[in-house]
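Novice: What follows is query_29.pdb, PDB, C-alpha atoms.
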```pdb
ATOM      1  CA  MET S1243       0.000   0.000   0.000
ATOM      2  CA  PRO S1244       1.463   3.356  -0.922
ATOM      3  CA  ARG S1245       1.461   6.169   1.589
ATOM      4  CA  ILE S1246       1.767   9.916   1.174
ATOM      5  CA  VAL S1247       4.085  11.543   3.675
ATOM      6  CA  VAL S1248       3.457  15.153   4.723
ATOM      7  CA  ASP S1249       6.060  16.992   6.810
ATOM      8  CA  VAL S1250       5.127  20.174   8.662
ATOM      9  CA  MET S1251       7.692  22.400  10.411
ATOM     10  CA  PRO S1252       7.319  25.543  12.522
ATOM     11  CA  LYS S1253       8.206  28.626  10.472
ATOM     12  CA  PRO S1254      11.851  29.671  10.924
ATOM     13  CA  GLU S1255      10.877  33.053  12.410
ATOM     14  CA  ILE S1256       8.513  31.463  14.974
ATOM     15  CA  LEU S1257      10.134  30.511  18.264
ATOM     16  CA  ASP S1258       9.767  26.755  18.759
ATOM     17  CA  PRO S1259       9.488  26.290  22.550
ATOM     18  CA  GLN S1260       9.452  22.467  22.297
ATOM     19  CA  GLY S1261      12.575  22.366  20.130
ATOM     20  CA  LYS S1262      14.271  24.734  22.550
ATOM     21  CA  ALA S1263      13.472  22.452  25.496
ATOM     22  CA  ILE S1264      14.904  19.453  23.625
ATOM     23  CA  ALA S1265      18.033  21.438  22.739
ATOM     24  CA  GLY S1266      18.428  22.179  26.441
ATOM     25  CA  ALA S1267      18.186  18.493  27.373
ATOM     26  CA  LEU S1268      20.715  17.107  24.883
ATOM     27  CA  PRO S1269      23.861  18.379  26.676
ATOM     28  CA  ARG S1270      22.677  16.568  29.823
ATOM     29  CA  LEU S1271      23.191  13.335  27.851
ATOM     30  CA  GLY S1272      26.656  14.492  26.886
ATOM     31  CA  LEU S1273      25.472  15.223  23.334
ATOM     32  CA  THR S1274      27.009  18.625  22.784
ATOM     33  CA  GLY S1275      27.407  18.677  19.004
ATOM     34  CA  PHE S1276      24.136  20.461  18.201
ATOM     35  CA  THR S1277      23.494  24.193  18.073
ATOM     36  CA  GLY S1278      19.689  23.944  17.903
ATOM     37  CA  VAL S1279      16.624  21.697  17.596
ATOM     38  CA  ARG S1280      13.355  22.373  15.804
ATOM     39  CA  GLN S1281      10.449  19.985  16.256
ATOM     40  CA  GLY S1282       7.972  19.346  13.444
ATOM     41  CA  LYS S1283       5.240  16.854  12.566
ATOM     42  CA  ARG S1284       5.100  13.972  10.084
ATOM     43  CA  PHE S1285       1.762  12.702   8.745
ATOM     44  CA  GLU S1286       1.323   9.455   6.784
ATOM     45  CA  LEU S1287      -1.792   9.279   4.595
ATOM     46  CA  SER S1288      -2.577   5.695   3.530
ATOM     47  CA  VAL S1289      -4.003   5.068   0.069
ATOM     48  CA  ASP S1290      -5.865   1.996  -1.172
ATOM     49  CA  GLY S1291      -4.479   1.396  -4.686
ATOM     50  CA  ASP S1292      -2.480   3.777  -6.855
ATOM     51  CA  VAL S1293      -1.764   7.369  -5.926
ATOM     52  CA  THR S1294      -3.442   9.224  -8.774
ATOM     53  CA  PRO S1295      -2.688  12.899  -9.463
ATOM     54  CA  GLU S1296      -6.133  13.690  -7.959
ATOM     55  CA  ILE S1297      -5.278  11.912  -4.698
ATOM     56  CA  LEU S1298      -1.903  13.651  -4.519
ATOM     57  CA  GLU S1299      -3.674  16.966  -5.055
ATOM     58  CA  GLN S1300      -6.072  16.094  -2.213
ATOM     59  CA  ALA S1301      -3.061  15.420   0.018
ATOM     60  CA  ARG S1302      -1.623  18.845  -0.865
ATOM     61  CA  THR S1303      -4.962  20.469  -0.059
ATOM     62  CA  ALA S1304      -5.136  18.581   3.253
ATOM     63  CA  ALA S1305      -1.585  19.687   4.048
ATOM     64  CA  ALA S1306      -2.384  23.346   3.380
ATOM     65  CA  THR S1307      -5.812  23.525   5.063
ATOM     66  CA  LEU S1308      -5.927  21.108   7.995
ATOM     67  CA  LEU S1309      -2.509  19.560   8.633
ATOM     68  CA  SER S1310      -0.720  22.915   8.881
ATOM     69  CA  ASN S1311      -1.545  26.447   9.990
ATOM     70  CA  PRO S1312       0.200  28.816   7.540
ATOM     71  CA  VAL S1313       0.474  31.509  10.220
ATOM     72  CA  ILE S1314       2.935  29.441  12.254
ATOM     73  CA  GLU S1315       3.940  26.451  10.089
ATOM     74  CA  ASP S1316       5.315  25.503   6.647
ATOM     75  CA  VAL S1317       4.554  22.322   4.710
ATOM     76  CA  THR S1318       8.077  21.137   3.847
ATOM     77  CA  ARG S1319       7.253  17.873   2.060
ATOM     78  CA  VAL S1320       4.366  16.070   0.328
ATOM     79  CA  GLU S1321       5.750  12.850  -1.127
ATOM     80  CA  VAL S1322       4.559   9.365  -2.117
ATOM     81  CA  ILE S1323       6.454   6.478  -0.570
ATOM     82  CA  SER S1324       5.836   2.863  -1.600
ATOM     83  CA  GLU S1325       6.395  -0.134   0.622
ATOM     84  CA  ALA S1326       9.411  -2.162  -0.413
TER      85      ALA S1326
ATOM     86  CA  MET R 340     -16.339  44.072  54.030
ATOM     87  CA  SER R 341     -19.342  41.743  54.106
ATOM     88  CA  THR R 342     -19.059  38.126  53.067
ATOM     89  CA  PRO R 343     -21.172  37.612  49.951
ATOM     90  CA  LEU R 344     -23.827  34.953  49.670
ATOM     91  CA  ILE R 345     -22.467  31.963  47.790
ATOM     92  CA  GLY R 346     -24.358  31.321  44.574
ATOM     93  CA  ASP R 347     -26.882  34.133  45.079
ATOM     94  CA  TYR R 348     -28.778  33.693  41.853
ATOM     95  CA  SER R 349     -30.932  36.812  42.248
ATOM     96  CA  ALA R 350     -28.034  39.272  42.214
ATOM     97  CA  ALA R 351     -28.999  41.044  38.977
ATOM     98  CA  PRO R 352     -32.380  42.816  38.926
ATOM     99  CA  GLU R 353     -34.638  41.187  36.342
ATOM    100  CA  ASN R 354     -34.804  43.167  33.078
ATOM    101  CA  PRO R 355     -37.114  41.659  30.429
ATOM    102  CA  ALA R 356     -35.253  43.396  27.582
ATOM    103  CA  LEU R 357     -31.939  41.798  28.610
ATOM    104  CA  ARG R 358     -33.588  38.441  29.357
ATOM    105  CA  ALA R 359     -34.950  38.386  25.775
ATOM    106  CA  VAL R 360     -31.373  38.334  24.383
ATOM    107  CA  ARG R 361     -30.386  34.781  23.457
ATOM    108  CA  VAL R 362     -26.670  34.000  23.734
ATOM    109  CA  GLY R 363     -25.586  30.632  22.339
ATOM    110  CA  VAL R 364     -22.762  28.689  24.014
ATOM    111  CA  ILE R 365     -21.201  26.018  21.790
ATOM    112  CA  THR R 366     -20.116  22.664  23.212
ATOM    113  CA  PHE R 367     -17.508  20.653  21.305
ATOM    114  CA  PRO R 368     -16.212  17.232  22.379
ATOM    115  CA  GLY R 369     -13.675  18.240  25.036
ATOM    116  CA  THR R 370     -15.142  21.659  25.898
ATOM    117  CA  LEU R 371     -14.850  22.383  29.650
ATOM    118  CA  ASP R 372     -16.216  25.833  30.358
ATOM    119  CA  ASP R 373     -19.579  25.785  28.571
ATOM    120  CA  ARG R 374     -21.580  25.547  31.813
ATOM    121  CA  ASP R 375     -19.669  28.437  33.370
ATOM    122  CA  ALA R 376     -20.144  30.595  30.261
ATOM    123  CA  ALA R 377     -23.892  29.842  30.204
ATOM    124  CA  ARG R 378     -24.151  30.702  33.910
ATOM    125  CA  ALA R 379     -22.315  33.978  33.254
ATOM    126  CA  VAL R 380     -24.899  34.867  30.586
ATOM    127  CA  ARG R 381     -27.769  34.112  32.981
ATOM    128  CA  LEU R 382     -26.203  36.041  35.890
ATOM    129  CA  ALA R 383     -25.692  39.021  33.579
ATOM    130  CA  GLY R 384     -29.445  38.926  32.915
ATOM    131  CA  GLY R 385     -29.636  37.197  29.526
ATOM    132  CA  THR R 386     -30.825  33.823  28.264
ATOM    133  CA  ALA R 387     -28.209  31.147  27.582
ATOM    134  CA  VAL R 388     -28.846  28.689  24.749
ATOM    135  CA  GLU R 389     -26.904  25.424  24.626
ATOM    136  CA  LEU R 390     -25.518  24.698  21.143
ATOM    137  CA  TRP R 391     -23.886  21.432  20.040
ATOM    138  CA  HIS R 392     -21.031  21.571  17.525
ATOM    139  CA  GLY R 393     -22.937  19.189  15.219
ATOM    140  CA  ASP R 394     -26.099  21.339  15.147
ATOM    141  CA  ALA R 395     -27.269  22.380  11.682
ATOM    142  CA  ASN R 396     -28.320  25.901  12.735
ATOM    143  CA  LEU R 397     -27.798  28.535  15.407
ATOM    144  CA  HIS R 398     -31.296  28.234  16.988
ATOM    145  CA  ASP R 399     -32.060  31.960  16.539
ATOM    146  CA  VAL R 400     -29.397  33.153  18.951
ATOM    147  CA  ASP R 401     -28.336  36.810  18.949
ATOM    148  CA  ALA R 402     -24.703  36.177  19.914
ATOM    149  CA  VAL R 403     -22.354  33.205  20.266
ATOM    150  CA  ILE R 404     -19.727  32.283  22.854
ATOM    151  CA  ILE R 405     -17.116  29.640  22.016
ATOM    152  CA  PRO R 406     -15.922  28.572  25.473
ATOM    153  CA  GLY R 407     -12.643  27.163  26.711
ATOM    154  CA  GLY R 408     -11.447  23.594  27.068
ATOM    155  CA  PHE R 409      -9.623  21.099  24.909
ATOM    156  CA  SER R 410     -11.895  20.552  21.906
ATOM    157  CA  TYR R 411     -10.976  17.315  20.141
ATOM    158  CA  GLY R 412      -8.233  16.860  22.738
ATOM    159  CA  ASP R 413      -6.243  19.710  21.150
ATOM    160  CA  TYR R 414      -5.140  17.056  18.634
ATOM    161  CA  LEU R 415      -3.179  18.385  15.637
ATOM    162  CA  ARG R 416      -3.249  21.993  16.896
ATOM    163  CA  ALA R 417      -5.483  23.675  19.482
ATOM    164  CA  GLY R 418      -8.757  24.511  17.706
ATOM    165  CA  ALA R 419      -7.698  23.069  14.344
ATOM    166  CA  ILE R 420     -10.303  20.301  14.068
ATOM    167  CA  SER R 421     -13.147  22.263  15.687
ATOM    168  CA  ARG R 422     -12.882  24.811  12.904
ATOM    169  CA  PHE R 423     -14.449  22.262  10.555
ATOM    170  CA  ALA R 424     -17.391  21.390  12.854
ATOM    171  CA  PRO R 425     -20.766  21.783  11.086
ATOM    172  CA  LEU R 426     -21.901  24.656  13.311
ATOM    173  CA  MET R 427     -18.706  26.689  12.777
ATOM    174  CA  GLU R 428     -19.694  27.408   9.175
ATOM    175  CA  LYS R 429     -22.896  29.030  10.495
ATOM    176  CA  VAL R 430     -20.904  30.995  13.073
ATOM    177  CA  VAL R 431     -18.559  32.309  10.373
ATOM    178  CA  ASP R 432     -21.521  33.386   8.194
ATOM    179  CA  ALA R 433     -23.366  35.008  11.110
ATOM    180  CA  SER R 434     -20.231  36.850  12.251
ATOM    181  CA  LYS R 435     -19.877  38.384   8.792
ATOM    182  CA  GLY R 436     -23.439  39.675   9.201
ATOM    183  CA  GLY R 437     -22.389  41.413  12.436
ATOM    184  CA  MET R 438     -23.397  38.864  15.077
ATOM    185  CA  PRO R 439     -21.288  39.250  18.244
ATOM    186  CA  VAL R 440     -18.953  36.259  18.694
ATOM    187  CA  LEU R 441     -16.650  35.742  21.699
ATOM    188  CA  GLY R 442     -13.953  33.074  21.843
ATOM    189  CA  ILE R 443     -12.438  32.379  25.251
ATOM    190  CA  CYS R 444      -9.121  30.460  25.539
ATOM    191  CA  ASN R 445      -9.664  27.372  23.328
ATOM    192  CA  GLY R 446     -12.491  29.386  21.712
ATOM    193  CA  PHE R 447      -9.945  32.117  20.818
ATOM    194  CA  GLN R 448      -7.744  29.405  19.285
ATOM    195  CA  ILE R 449     -10.727  28.131  17.259
ATOM    196  CA  LEU R 450     -11.462  31.674  15.987
ATOM    197  CA  THR R 451      -7.877  32.067  14.738
ATOM    198  CA  GLU R 452      -7.970  28.645  13.064
ATOM    199  CA  ALA R 453     -11.290  29.665  11.422
ATOM    200  CA  HIS R 454      -9.574  32.874  10.169
ATOM    201  CA  LEU R 455     -12.113  35.080  11.963
ATOM    202  CA  LEU R 456      -9.196  36.569  13.907
ATOM    203  CA  PRO R 457      -5.572  36.957  12.743
ATOM    204  CA  GLY R 458      -2.506  35.305  14.249
ATOM    205  CA  SER R 459      -2.242  32.054  16.164
ATOM    206  CA  MET R 460      -1.419  30.571  19.554
ATOM    207  CA  ILE R 461       1.649  28.453  20.279
ATOM    208  CA  LYS R 462       2.917  26.774  23.443
ATOM    209  CA  ASN R 463       3.700  29.093  26.371
ATOM    210  CA  ASP R 464       7.312  30.300  26.146
ATOM    211  CA  HIS R 465       8.078  28.658  29.526
ATOM    212  CA  LEU R 466       6.433  25.364  28.350
ATOM    213  CA  LYS R 467       4.352  24.951  31.512
ATOM    214  CA  PHE R 468       0.599  24.917  31.969
ATOM    215  CA  MET R 469      -0.178  28.117  33.846
ATOM    216  CA  CYS R 470      -3.115  28.791  36.154
ATOM    217  CA  ARG R 471      -3.283  32.151  37.961
ATOM    218  CA  ASP R 472      -5.458  35.190  38.589
ATOM    219  CA  GLN R 473      -4.276  37.589  35.900
ATOM    220  CA  LEU R 474      -4.497  41.378  35.674
ATOM    221  CA  LEU R 475      -5.459  42.738  32.223
ATOM    222  CA  ARG R 476      -6.127  46.181  30.786
ATOM    223  CA  VAL R 477      -9.168  46.816  28.603
ATOM    224  CA  GLU R 478      -7.764  48.887  25.734
ATOM    225  CA  ASN R 479     -10.794  48.992  23.433
ATOM    226  CA  THR R 480     -14.246  49.616  24.938
ATOM    227  CA  SER R 481     -16.072  50.015  21.615
ATOM    228  CA  THR R 482     -16.471  46.280  20.899
ATOM    229  CA  ALA R 483     -19.753  44.450  21.507
ATOM    230  CA  TRP R 484     -18.095  42.609  24.394
ATOM    231  CA  THR R 485     -16.309  45.440  26.263
ATOM    232  CA  SER R 486     -18.695  48.433  26.293
ATOM    233  CA  ALA R 487     -19.372  48.068  30.042
ATOM    234  CA  TYR R 488     -15.723  48.808  30.904
ATOM    235  CA  GLY R 489     -13.913  52.126  31.183
ATOM    236  CA  GLN R 490     -11.091  52.780  28.715
ATOM    237  CA  GLY R 491      -7.860  51.407  30.201
ATOM    238  CA  SER R 492      -9.651  49.899  33.186
ATOM    239  CA  GLY R 493      -8.219  46.836  34.870
ATOM    240  CA  MET R 494      -9.701  43.372  35.159
ATOM    241  CA  VAL R 495      -8.541  40.400  37.246
ATOM    242  CA  ILE R 496      -9.721  37.065  35.809
ATOM    243  CA  PRO R 497      -8.307  33.523  35.848
ATOM    244  CA  LEU R 498      -5.819  32.469  33.177
ATOM    245  CA  LYS R 499      -5.329  28.723  32.604
ATOM    246  CA  ASN R 500      -3.668  27.349  29.506
ATOM    247  CA  GLN R 501      -0.705  25.640  27.915
ATOM    248  CA  ASP R 502      -0.913  27.084  24.389
ATOM    249  CA  GLY R 503      -1.424  30.729  25.254
ATOM    250  CA  GLN R 504       1.440  32.480  23.490
ATOM    251  CA  TYR R 505      -0.155  34.794  20.928
ATOM    252  CA  VAL R 506       1.947  35.141  17.767
ATOM    253  CA  ALA R 507       1.508  36.993  14.467
ATOM    254  CA  ASP R 508       3.904  38.617  12.003
ATOM    255  CA  GLU R 509       5.068  42.185  12.678
ATOM    256  CA  LYS R 510       2.839  43.644   9.942
ATOM    257  CA  THR R 511      -0.283  42.044  11.452
ATOM    258  CA  LEU R 512       0.725  43.189  14.954
ATOM    259  CA  ASP R 513       1.232  46.766  13.694
ATOM    260  CA  GLU R 514      -2.187  46.685  12.014
ATOM    261  CA  LEU R 515      -3.858  45.415  15.192
ATOM    262  CA  GLU R 516      -2.206  48.171  17.247
ATOM    263  CA  GLY R 517      -2.895  50.880  14.644
ATOM    264  CA  GLU R 518      -6.571  50.001  14.313
ATOM    265  CA  GLY R 519      -7.146  49.709  18.078
ATOM    266  CA  ARG R 520      -7.880  46.021  17.777
ATOM    267  CA  VAL R 521      -5.763  44.988  20.779
ATOM    268  CA  VAL R 522      -8.764  44.727  23.109
ATOM    269  CA  PHE R 523      -7.018  43.254  26.178
ATOM    270  CA  ARG R 524      -3.358  43.416  27.221
ATOM    271  CA  TYR R 525      -1.611  41.637  30.093
ATOM    272  CA  ASP R 526      -0.630  44.142  32.761
ATOM    273  CA  GLY R 527       2.556  43.926  34.803
ATOM    274  CA  PHE R 528       3.414  40.353  33.889
ATOM    275  CA  ASN R 529       3.284  38.593  30.521
ATOM    276  CA  PRO R 530       2.327  35.034  31.550
ATOM    277  CA  ASN R 531       3.077  33.195  28.290
ATOM    278  CA  GLY R 532       5.365  35.266  26.058
ATOM    279  CA  SER R 533       2.524  36.657  23.915
ATOM    280  CA  ARG R 534       3.727  39.181  21.342
ATOM    281  CA  ARG R 535       3.366  42.718  22.719
ATOM    282  CA  GLY R 536       1.586  41.320  25.782
ATOM    283  CA  ILE R 537      -1.596  40.731  23.792
ATOM    284  CA  ALA R 538      -4.325  38.908  25.765
ATOM    285  CA  GLY R 539      -7.227  39.526  23.384
ATOM    286  CA  ILE R 540      -8.051  41.057  19.993
ATOM    287  CA  SER R 541     -11.029  41.851  17.778
ATOM    288  CA  ASN R 542     -11.814  41.719  14.090
ATOM    289  CA  ALA R 543     -11.998  44.998  12.143
ATOM    290  CA  ALA R 544     -15.759  45.369  12.763
ATOM    291  CA  GLY R 545     -15.401  44.759  16.527
ATOM    292  CA  ASN R 546     -18.137  42.111  16.745
ATOM    293  CA  VAL R 547     -15.712  39.156  16.933
ATOM    294  CA  VAL R 548     -13.461  39.136  20.020
ATOM    295  CA  GLY R 549     -11.049  36.493  21.317
ATOM    296  CA  LEU R 550      -9.282  36.484  24.669
ATOM    297  CA  MET R 551      -7.087  33.975  26.443
ATOM    298  CA  PRO R 552      -8.030  34.365  30.146
ATOM    299  CA  HIS R 553     -11.491  33.446  31.461
ATOM    300  CA  PRO R 554     -14.037  36.163  32.351
ATOM    301  CA  GLU R 555     -16.698  33.475  32.932
ATOM    302  CA  HIS R 556     -14.773  32.317  36.023
ATOM    303  CA  ALA R 557     -14.989  35.781  37.620
ATOM    304  CA  ILE R 558     -18.709  36.541  37.640
ATOM    305  CA  GLU R 559     -20.053  35.397  40.966
ATOM    306  CA  ALA R 560     -19.012  36.429  44.469
ATOM    307  CA  GLY R 561     -17.636  33.426  46.325
ATOM    308  CA  PHE R 562     -16.409  31.623  43.227
ATOM    309  CA  GLY R 563     -14.119  34.199  41.638
ATOM    310  CA  PRO R 564     -10.490  35.297  42.060
ATOM    311  CA  GLY R 565      -9.346  36.545  45.431
ATOM    312  CA  SER R 566      -8.553  39.943  44.004
ATOM    313  CA  SER R 567     -10.109  42.598  41.822
ATOM    314  CA  ALA R 568      -8.889  45.587  39.831
ATOM    315  CA  TYR R 569     -11.556  47.627  41.658
ATOM    316  CA  GLY R 570     -10.177  47.215  45.191
ATOM    317  CA  ASP R 571     -10.137  44.655  47.984
ATOM    318  CA  VAL R 572     -12.654  41.833  47.846
ATOM    319  CA  ALA R 573     -13.614  38.997  50.177
ATOM    320  CA  LEU R 574     -12.314  35.484  49.591
ATOM    321  CA  GLY R 575     -13.278  34.470  46.058
ATOM    322  CA  GLY R 576     -15.055  37.780  45.636
ATOM    323  CA  GLY R 577     -13.590  38.915  42.287
ATOM    324  CA  THR R 578     -16.322  39.488  39.698
ATOM    325  CA  ASP R 579     -14.430  41.653  37.184
ATOM    326  CA  GLY R 580     -15.424  39.358  34.290
ATOM    327  CA  ILE R 581     -19.204  39.927  34.439
ATOM    328  CA  GLY R 582     -18.909  43.132  32.375
ATOM    329  CA  ILE R 583     -18.031  41.078  29.294
ATOM    330  CA  PHE R 584     -21.469  39.469  29.426
ATOM    331  CA  THR R 585     -23.456  42.585  30.394
ATOM    332  CA  SER R 586     -21.672  44.387  27.532
ATOM    333  CA  VAL R 587     -23.021  42.097  24.837
ATOM    334  CA  LEU R 588     -26.549  42.079  26.297
ATOM    335  CA  THR R 589     -26.756  45.878  26.531
ATOM    336  CA  SER R 590     -25.094  46.313  23.099
ATOM    337  CA  LEU R 591     -27.704  44.056  21.510
ATOM    338  CA  VAL R 592     -30.618  45.753  23.309
ATOM    339  CA  ALA R 593     -29.306  49.209  22.349
ATOM    340  CA  GLY R 594     -28.878  48.016  18.771
ATOM    341  CA  GLY R 595     -32.609  47.294  18.527
ATOM    342  CA  LYS R 596     -32.613  43.592  19.259
TER     343      LYS R 596
END
```
Please go through the file and, once you have read it, give me the structure as structure tokens.
Specialist:
Amino acid sequence: MPRIVVDVMPKPEILDPQGKAIAGALPRLGLTGFTGVRQGKRFELSVDGDVTPEILEQARTAAATLLSNPVIEDVTRVEVISEA
Amino acid sequence: MSTPLIGDYSAAPENPALRAVRVGVITFPGTLDDRDAARAVRLAGGTAVELWHGDANLHDVDAVIIPGGFSYGDYLRAGAISRFAPLMEKVVDASKGGMPVLGICNGFQILTEAHLLPGSMIKNDHLKFMCRDQLLRVENTSTAWTSAYGQGSGMVIPLKNQDGQYVADEKTLDELEGEGRVVFRYDGFNPNGSRRGIAGISNAAGNVVGLMPHPEHAIEAGFGPGSSAYGDVALGGGTDGIGIFTSVLTSLVAGGK
């Protein structure tokens, strides 16, 4: 079954409090190689059968209207992945 | 200072004109403060009408309150799924016709997701859920929901949220300031990192207002905050929030409702 993956990230200019908290915790594990963390969301939309252009367009619409809020987030990826 | 009667339901003198105003309070799955908002409407002298998010129409209400809580568990983003509830379409249409709409806390988040108000809410800058009695300033008294207050007057009402940090781009913030649409601002202490200390805003017409803290929890002596912007009060005696509800009733009566 193919799936459509949608990635959503907080806009670069929006402070990401969750990413900041994670960045603060990493050095406590001795992991000091990172200068910052930003936390986003990944959605997987399952499709029964082939991903037609219409279905891909629906996924893009879903990404822009429901899965992300354009005031605070960017859709960074809408991509079909097939099971190996 | 006398100790007020707890739950004195006859506090407001009966006024048939106010009682004829029907204020709808919408309940979504996960809404918490619908009962308190309805009680605030009744104590202010109006008639509260329970609305369910799946209702097909607004049941002839004259105004709508979208109360606080965690609609749909705040899944995805606070307010994001509620925006697509059947009744929200009717609220959006009615608001464009001038109907007063108030979103409190999660209701404010729903109004931004529905694009009735600009900007958005993200997690508090300190990442903690915060619950406290919060001092605000009323900066715009010309909206349907704030006419009972004096310009710049204070208000102490409870604040309780996790995603309360109001954000918008600089251009939007400048527009809100320039057009007097910052209706409420945190005073003395910014509890969540909101841009420019914004606690509540309105649309351009002034009929749609959203605010983060909870006026419906400061309406009844004995059950309110322990402080007030109007001087010392008895334990739980803060009722600074009731003016929000009397404002909309008197605005609607004055407007020929």
Novice: Carefully work through the PyMOL selection byres ((chain S and resi 1277) around 12) for this structure and note down the residues it includes, as a PyMOL selection string.
Specialist: chain S and resi 1261-1262+1264-1266+1268-1269+1273-1276+1278-1280
Novice: I'd like a table as CSV: residues in chain S with an atom no more than 8 Å from chain R, each row giving the shortest atom pair and its distance in Å to one decimal, only C-alpha atoms counted, sorted by chain and rising residue number.
Specialist:
```
residue,atom,partner,partner_atom,distance
S:Pro1259,CA,R:Asp464,CA,5.8
S:Gln1260,CA,R:Leu466,CA,7.4
S:Leu1308,CA,R:Ala419,CA,6.9
S:Leu1309,CA,R:Leu415,CA,7.1
S:Asn1311,CA,R:Glu452,CA,7.5
S:Val1313,CA,R:Gly458,CA,6.3
S:Ile1314,CA,R:Ser459,CA,7.0
```
Novice: Going by the chain IDs and residue numbers used in this file, which residues fall under the PyMOL selection byres ((chain R and resi 511) around 12)? Write them as a list in words.
Specialist: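 So the PyMOL selection byres ((chain R and resi 511) around 12), applied here, picks out Val1313 of chain S; Leu456, Pro457, Gly458, Ser459, Tyr505, Val506, Ala507, Asp508, Glu509, Lys510, Leu512, Asp513, Glu514, Leu515, Glu516, Gly517, Glu518, Arg520, Val521, Arg534, Arg535, Ile540 and Asn542 of chain R.
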Novice: One decimal, Å: what's the distance from CA of Ala1304 in chain S over to CA of Pro1254 in chain S, could you say?
Specialist: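 According to the coordinates, CA of Ala1304 in chain S and CA of Pro1254 in chain S are separated by 21.7 Å.
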Novice: List the spatial neighbours of Gly539 in chain R as a count of residues only - criterion: any atom at most 12 Å away, only C-alpha atoms, same-chain residues fewer than 6 positions off excluded.
Specialist: 45
Novice: Find the spatial neighbours of Asp373 in chain R, counting only C-alpha atoms, within a cut-off of 9 Å - ignore same-chain residues fewer than 3 positions away - and output them as a list in words.
Specialist: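 Those residues are Val364, Ile365, Thr366, Thr370, Ala376, Ala377, Arg378, Glu389, Ile404, Ile405, Pro406, Gly407 and Gly408 of chain R.
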Novice: Could you state the separation of CA of Lys1253 in chain S and CA of Arg1319 in chain S in Å, given to one decimal place?
Specialist: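 Separation between CA of Lys1253 in chain S and CA of Arg1319 in chain S: 13.7 Å.
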Novice: List as a list in words the protein and nucleic acid residues near Pro425 in chain R, meaning an atom at most 7 Å away when all atoms listed in the file are counted, but skip any in the same chain fewer than 6 places from it.
Specialist: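 My list of contacting residues is His392, Gly393, Asp394 and Ala395 of chain R.
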Novice: Take the PyMOL selection byres ((chain S and resi 1305) around 12), apply it to the structure above, and return the hits as a VMD selection string.
Specialist: (chain S and resid 1246 to 1251 1283 to 1287 1298 to 1304 1306 to 1312 1315 to 1321) or (chain R and resid 415)
Novice: Suppose we keep C-alpha atoms; can you now write the selection as a compact mmCIF listing (two decimals), in the frame of the given file?
Specialist:
```
# COMPACT_ATOMS: atom_id res chain seq x y z
CA ILE S 1246 1.77 9.92 1.17
CA VAL S 1247 4.08 11.54 3.68
CA VAL S 1248 3.46 15.15 4.72
CA ASP S 1249 6.06 16.99 6.81
CA VAL S 1250 5.13 20.17 8.66
CA MET S 1251 7.69 22.40 10.41
CA LYS S 1283 5.24 16.85 12.57
CA ARG S 1284 5.10 13.97 10.08
CA PHE S 1285 1.76 12.70 8.74
CA GLU S 1286 1.32 9.46 6.78
CA LEU S 1287 -1.79 9.28 4.60
CA LEU S 1298 -1.90 13.65 -4.52
CA GLU S 1299 -3.67 16.97 -5.06
CA GLN S 1300 -6.07 16.09 -2.21
CA ALA S 1301 -3.06 15.42 0.02
CA ARG S 1302 -1.62 18.84 -0.86
CA THR S 1303 -4.96 20.47 -0.06
CA ALA S 1304 -5.14 18.58 3.25
CA ALA S 1306 -2.38 23.35 3.38
CA THR S 1307 -5.81 23.52 5.06
CA LEU S 1308 -5.93 21.11 8.00
CA LEU S 1309 -2.51 19.56 8.63
CA SER S 1310 -0.72 22.92 8.88
CA ASN S 1311 -1.54 26.45 9.99
CA PRO S 1312 0.20 28.82 7.54
CA GLU S 1315 3.94 26.45 10.09
CA ASP S 1316 5.32 25.50 6.65
CA VAL S 1317 4.55 22.32 4.71
CA THR S 1318 8.08 21.14 3.85
CA ARG S 1319 7.25 17.87 2.06
CA VAL S 1320 4.37 16.07 0.33
CA GLU S 1321 5.75 12.85 -1.13
CA LEU R 415 -3.18 18.39 15.64
```
Novice: Mind giving me the straight-line distance from CA of Val362 in chain R to CA of Ala379 in chain R in Å, one decimal?
Specialist: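 Result for CA of Val362 in chain R versus CA of Ala379 in chain R: 10.5 Å, one decimal.
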Novice: I want to know what sits within 12 Å of Leu382 in chain R, based on all atoms listed in the file, with residues of the same chain fewer than 3 positions away left out; could you give that as a ChimeraX atom specification?
Specialist: /R:346-354,357-358,375-379,385-387,555,557-560,578,580-585,588
